[in-house]
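Let me begin by presenting the structure, written as structure tokens, before commenting on it.
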Amino acid sequence: MSTAPRHLPEVAEHYGRMRHVVDGEFVESASPRSLPVFNPATAGEIATVPLADSGEVETAVDAAHAAFPEWRETPPNLRVQPMFRLKALLEEHYESIARILVQEHGKVIDEARGSVRRAIDNVGFACGIPSLMMGETLEDGGAAGIDEEVIRQPLGVFAAVTPFNFPAMVPLWFWPSAVACGNTFVVKPSEQVPLTQARIFELIEEAGFPDGVVNMVHGDREAVDALLADPRVVGISFVGSTPVAEHIYRTAAAHGKRVQCQGGAKNFITVMPDANLRAAIPNLVSSFFGNTGQRCLAGAVLVPVGECADKVIEQFVAAAASLRLGYGLDETAQLGPLAGKPHFERVLSFIEKGIAEGAELLLDGRSPEVPGYPDGAFIGPTVFDRVTPQMTLAREEIFGPVVAILRVGSLAEAIELANGSRYGNASSIYTTSGKHAREYKYHVRGGNIGVNIGVPAPMAYFPFGGQKDSFLGDLHGQGRDGIDFFTDRKVVISRWV
Amino acid sequence: MTEEFPELTSFGTLLGFAQALEAAAETRASQAATRESAEAAQAALRACARRHAKRGRQLERVRREWLNEVVLQPITGMRREDYVPPTLARDALPDLRAVVRFEEQIARFFDDAAELAADVLGGLERSFRRLAAESRDLAGELQSSAS
């Protein structure tokens with residue numbers, strides 16, 4: 001049997017049974033329902049996560065609701081003090097958080113570190129709330145002697161339901177801004193990857209947020225439905241698949257809540273004949289295979305335009321084939337396992353479907369050899385050529401290291417193809433022509449557009465876009481959109497006589 | 001670090017490798033200072049060691065703060081074997097000339113790393129070029145101190 005390469009030390013072998021965080025306390029769940037948490041590289045069990053019942057969710061909302069009045073009256077410059085402390089703690093524990101993340105999710109350590117950085121950036125953004133939350137005033141805005149102003153006010157209890165692919169980052173897209181604005185919060189992390197958020201919540205408690213301001217419940221659909229139905233929860237942020245996004249959007253809206261739901265994606269990446277392939281190929285590889293394809297911004301469909309197709313495909317496949325699979329804590333690994341066996345099986349089924357529908361399999365990632373990890377959920381880079389727009393590979397979100405290549409003759413065709421997808425999360429073009437780049441960003445219906453960037457991930461101070469079936473709602477997460485989502489704008493018209 | 005000098009498969013490993021080089025350079029310059037008798041050479045070697053300690057801390061900040069999706073792509077073209085520090089004989093201390101040679105090797109590492117970064121992130125490229133130039137300057141200063 002082959003031996004595993006050396007890897008960075010794990011923070012712990014087993015993390016025990018996860019606890020909820022309610023009203024400033026880590027509390028054992030009384031729920032009889034629970035799930036094991038697995039390391040997807042080793043298939044070993046590394047924790048147990050309880051699945052809260054509606055009563056436990058209600059208790060968390062009770063705490064958040066009770067904490068709201070005092071927190072809302074805490075001045076913004078004081079509300080950000082624990083946020084500054086949290087930022088410092090996250091910096092201090094950056095490496096251990098990243099390693100926990102690798103253990104539960106499988107991504108390689110640099111990807112984990114990068115996502116922890118993104119999480120910290122969002123805390124840093126929220127530290128600026130005293131400026132970001134300012135309103136607007138116009139003297140004599142109503143009439144001579146009548147002033148008009150807009151003030152921003154928090155609304156109450158918000159909640160976030162977050163996905164398995166970014167356990168550190170996605171919850172922090174939401175709660176730091178919400179809480180800094182004066183709201184209180186309940187986080188429901190993915191039950192598949194609860195460990196990273198559990199560690200971050202230890203730091204949240206150490207940072208000194210008042211009891212009940214930030215709470216966490218572990219759970220599944222029952223917990224989500226309890227959050228959706230609770231009238232004290234005024235808004236929901238969600239990231240996940242489109243079918244679940246639709247359920248959450250409809251249900252939350254029916255209960256009169258604000259909702260922002262990021263759904264699935266199928267991202268088209270266009271390569272023009274004038275592209276600088278030396279720079280483009282490694283970036284394309286990172287887009288399609290980074291995070292093992294489990295990014296909502298990952299490339300999914302490669303669209304080489306015109307005569308460059310053969311050259312692009314040859315170089316892309318060669319680069320993809322050379323990627324090194326391994327446990328994410330091996331620093332030299334470039335591609336980790338998928339985030340769990342059920343998802344692994346799902347991705348395999350898409351590959352089988354691609355073959356059955358007649359696409360040409362150029363690179364087969366099924367059954368890769370990963371020394372030392374025979375039970376891991378590994379699928380290597382997989383590339384299909386001669387895919388047609390009607391094939392499943394071109395239409396459905398796979399969320400794995402599987403690429404569909406659709407060759408087209410012109411930029412107009414590439415744009416039409418991207419716009420034909422039901423999804424509109426991200427799309428990129430590789431070109432050295434400003435004209436082509438402008439055409440693309442002008443016409444493509446996608447929330448995040450990359451020009452010579454394969455993963456157009458907005459920084460904390462920009463909204464994370466999304467269009468068509470990739471986003472339900474109007475205000476996006478992050479940036480000023482986040483501030484708008486988590487505050488109500490009240491207009492005050494004053495006359496003093 | 002999994003290995004002190006990992007294979008160069010990503011910008012993360014490149015930065016880890018760079019930090020390991022800085023640590024080795026700091027150690028070797030400090031050791032050489034204890035071996036030199038000339039005061040000027042001793043002072044230059046100690047200054048060189050301090051500089052590498054500071055550069056190591058700077059690189060740690062770069063590794064933590066600049067590592068985002070843009071620089072997560074795989075890298076090719078730099079072989080670990082071309083840059084690992086020359087092995088010292090057991091219990092041997094490096095002399096000033098060995099430190100100078102190592103400094104030139106570090107400069108070459110950062111020159112090559114800058115070339116890789118040029119297509120990816122301008123800030124990273126600038127940092128690497130600055131470190132390469134500084135290593136060449138350090139090599140020059142060490143040589144001058146010996147004459």
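Please note that chains go A, B, ... in the order of the structure tokens, that every chain numbers its residues from 1, and that ligands are numbered from 1 in the order shown.
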
Inset, instruction - Assign secondary structure with DSSP using the backbone only, and return the residues of region 49-251 of chain A in strand (DSSP E or B) as a PyMOL selection string. - result: chain A and resi 49-50+136-143+146-154+157-161+184-188+214-216+233-239

Can you tell me, as an mmCIF file with N, CA and C atoms, in the first residue's frame, what residues are no more than 6 Å from Phe464 (chain A) when counting only C-alpha atoms, ignoring any on the same chain fewer than 6 positions away?
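Generated file (around13.cif):
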data_model
loop_
_atom_site.group_PDB
_atom_site.id
_atom_site.type_symbol
_atom_site.label_atom_id
_atom_site.label_comp_id
_atom_site.auth_asym_id
_atom_site.auth_seq_id
_atom_site.Cartn_x
_atom_site.Cartn_y
_atom_site.Cartn_z
ATOM 1 N N PRO A 458 -15.701 39.139 -5.657
ATOM 2 C CA PRO A 458 -15.696 40.511 -5.139
ATOM 3 C C PRO A 458 -15.109 40.561 -3.728
ATOM 4 N N HIS A 476 -27.568 42.376 -2.551
ATOM 5 C CA HIS A 476 -26.612 41.270 -2.453
ATOM 6 C C HIS A 476 -25.864 41.304 -1.120
ATOM 7 N N GLY A 477 -25.128 40.240 -0.897
ATOM 8 C CA GLY A 477 -24.279 40.211 0.294
ATOM 9 C C GLY A 477 -23.038 41.056 0.077
#

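Interatomic distance, CA of Tyr430 (chain A) against CA of Arg118 (chain A): 24.7 Å.
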
Considering only C-alpha atoms, give me a table of residues in chain A that are at most 10 Å from chain B, with the closest atom pair and distance in Å for each, as JSON lines.
{"residue": "A:Pro5", "atom": "CA", "partner": "B:Thr2", "partner_atom": "CA", "distance": 9.1}
{"residue": "A:Arg6", "atom": "CA", "partner": "B:Thr2", "partner_atom": "CA", "distance": 6.1}
{"residue": "A:His7", "atom": "CA", "partner": "B:Thr2", "partner_atom": "CA", "distance": 5.2}
{"residue": "A:Leu8", "atom": "CA", "partner": "B:Thr2", "partner_atom": "CA", "distance": 5.2}
{"residue": "A:Pro9", "atom": "CA", "partner": "B:Thr2", "partner_atom": "CA", "distance": 8.5}
{"residue": "A:Glu91", "atom": "CA", "partner": "B:Arg64", "partner_atom": "CA", "distance": 8.8}
{"residue": "A:Tyr94", "atom": "CA", "partner": "B:Arg64", "partner_atom": "CA", "distance": 8.3}
{"residue": "A:Glu95", "atom": "CA", "partner": "B:Arg64", "partner_atom": "CA", "distance": 9.0}
{"residue": "A:Ile109", "atom": "CA", "partner": "B:Gly12", "partner_atom": "CA", "distance": 8.7}
{"residue": "A:Asp110", "atom": "CA", "partner": "B:Gly12", "partner_atom": "CA", "distance": 6.0}
{"residue": "A:Glu111", "atom": "CA", "partner": "B:Leu72", "partner_atom": "CA", "distance": 6.8}
{"residue": "A:Ala112", "atom": "CA", "partner": "B:Asn68", "partner_atom": "CA", "distance": 9.7}
{"residue": "A:Arg113", "atom": "CA", "partner": "B:Leu67", "partner_atom": "CA", "distance": 7.3}
{"residue": "A:Gly114", "atom": "CA", "partner": "B:Asn68", "partner_atom": "CA", "distance": 4.7}
{"residue": "A:Ser115", "atom": "CA", "partner": "B:Asn68", "partner_atom": "CA", "distance": 7.3}
{"residue": "A:Val116", "atom": "CA", "partner": "B:Arg64", "partner_atom": "CA", "distance": 9.3}
{"residue": "A:Arg117", "atom": "CA", "partner": "B:Glu65", "partner_atom": "CA", "distance": 6.7}
{"residue": "A:Arg118", "atom": "CA", "partner": "B:Asn68", "partner_atom": "CA", "distance": 7.6}
{"residue": "A:Ile120", "atom": "CA", "partner": "B:Glu65", "partner_atom": "CA", "distance": 9.8}
{"residue": "A:Asp121", "atom": "CA", "partner": "B:Glu65", "partner_atom": "CA", "distance": 9.5}
{"residue": "A:Asn276", "atom": "CA", "partner": "B:Asp119", "partner_atom": "CA", "distance": 9.6}
{"residue": "A:Arg278", "atom": "CA", "partner": "B:Asp119", "partner_atom": "CA", "distance": 8.3}
{"residue": "A:Ala279", "atom": "CA", "partner": "B:Asp119", "partner_atom": "CA", "distance": 5.5}
{"residue": "A:Ala280", "atom": "CA", "partner": "B:Asp119", "partner_atom": "CA", "distance": 8.8}
{"residue": "A:Ile281", "atom": "CA", "partner": "B:Gln73", "partner_atom": "CA", "distance": 9.4}
{"residue": "A:Pro282", "atom": "CA", "partner": "B:Gln73", "partner_atom": "CA", "distance": 5.8}
{"residue": "A:Asn283", "atom": "CA", "partner": "B:Gln73", "partner_atom": "CA", "distance": 5.7}
{"residue": "A:Leu284", "atom": "CA", "partner": "B:Gln73", "partner_atom": "CA", "distance": 8.3}
{"residue": "A:Val285", "atom": "CA", "partner": "B:Gln73", "partner_atom": "CA", "distance": 7.0}
{"residue": "A:Ser286", "atom": "CA", "partner": "B:Gln73", "partner_atom": "CA", "distance": 4.7}
{"residue": "A:Ser287", "atom": "CA", "partner": "B:Gln73", "partner_atom": "CA", "distance": 8.0}
{"residue": "A:Phe289", "atom": "CA", "partner": "B:Gln73", "partner_atom": "CA", "distance": 9.4}
{"residue": "A:Gly290", "atom": "CA", "partner": "B:Gln73", "partner_atom": "CA", "distance": 7.6}
{"residue": "A:Asn291", "atom": "CA", "partner": "B:Leu72", "partner_atom": "CA", "distance": 9.7}
{"residue": "A:Ala319", "atom": "CA", "partner": "B:Pro74", "partner_atom": "CA", "distance": 8.9}
{"residue": "A:Ala320", "atom": "CA", "partner": "B:Pro74", "partner_atom": "CA", "distance": 9.7}
{"residue": "A:Ser322", "atom": "CA", "partner": "B:Pro74", "partner_atom": "CA", "distance": 9.7}
{"residue": "A:Leu323", "atom": "CA", "partner": "B:Pro74", "partner_atom": "CA", "distance": 7.8}
{"residue": "A:Arg324", "atom": "CA", "partner": "B:Thr9", "partner_atom": "CA", "distance": 8.6}
{"residue": "A:Leu329", "atom": "CA", "partner": "B:Thr2", "partner_atom": "CA", "distance": 8.3}
{"residue": "A:Asp330", "atom": "CA", "partner": "B:Thr2", "partner_atom": "CA", "distance": 6.6}
{"residue": "A:Glu331", "atom": "CA", "partner": "B:Thr2", "partner_atom": "CA", "distance": 6.4}
{"residue": "A:Thr332", "atom": "CA", "partner": "B:Thr9", "partner_atom": "CA", "distance": 5.8}
{"residue": "A:Ala333", "atom": "CA", "partner": "B:Thr9", "partner_atom": "CA", "distance": 7.7}
{"residue": "A:Gln334", "atom": "CA", "partner": "B:Pro74", "partner_atom": "CA", "distance": 7.0}
{"residue": "A:Leu335", "atom": "CA", "partner": "B:Pro74", "partner_atom": "CA", "distance": 9.8}
{"residue": "A:Asn452", "atom": "CA", "partner": "B:Val120", "partner_atom": "CA", "distance": 10.0}
{"residue": "A:Ile453", "atom": "CA", "partner": "B:Val70", "partner_atom": "CA", "distance": 7.3}
{"residue": "A:Gly454", "atom": "CA", "partner": "B:Val70", "partner_atom": "CA", "distance": 8.2}
{"residue": "A:Val455", "atom": "CA", "partner": "B:Glu69", "partner_atom": "CA", "distance": 6.5}
{"residue": "A:Pro456", "atom": "CA", "partner": "B:Glu69", "partner_atom": "CA", "distance": 8.3}
{"residue": "A:Ala457", "atom": "CA", "partner": "B:Glu69", "partner_atom": "CA", "distance": 7.4}
{"residue": "A:Met459", "atom": "CA", "partner": "B:Asn68", "partner_atom": "CA", "distance": 9.8}

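The two atoms in question, CA of Gln143 (chain B) and CA of Phe102 (chain B), are spaced 12.5 Å apart.
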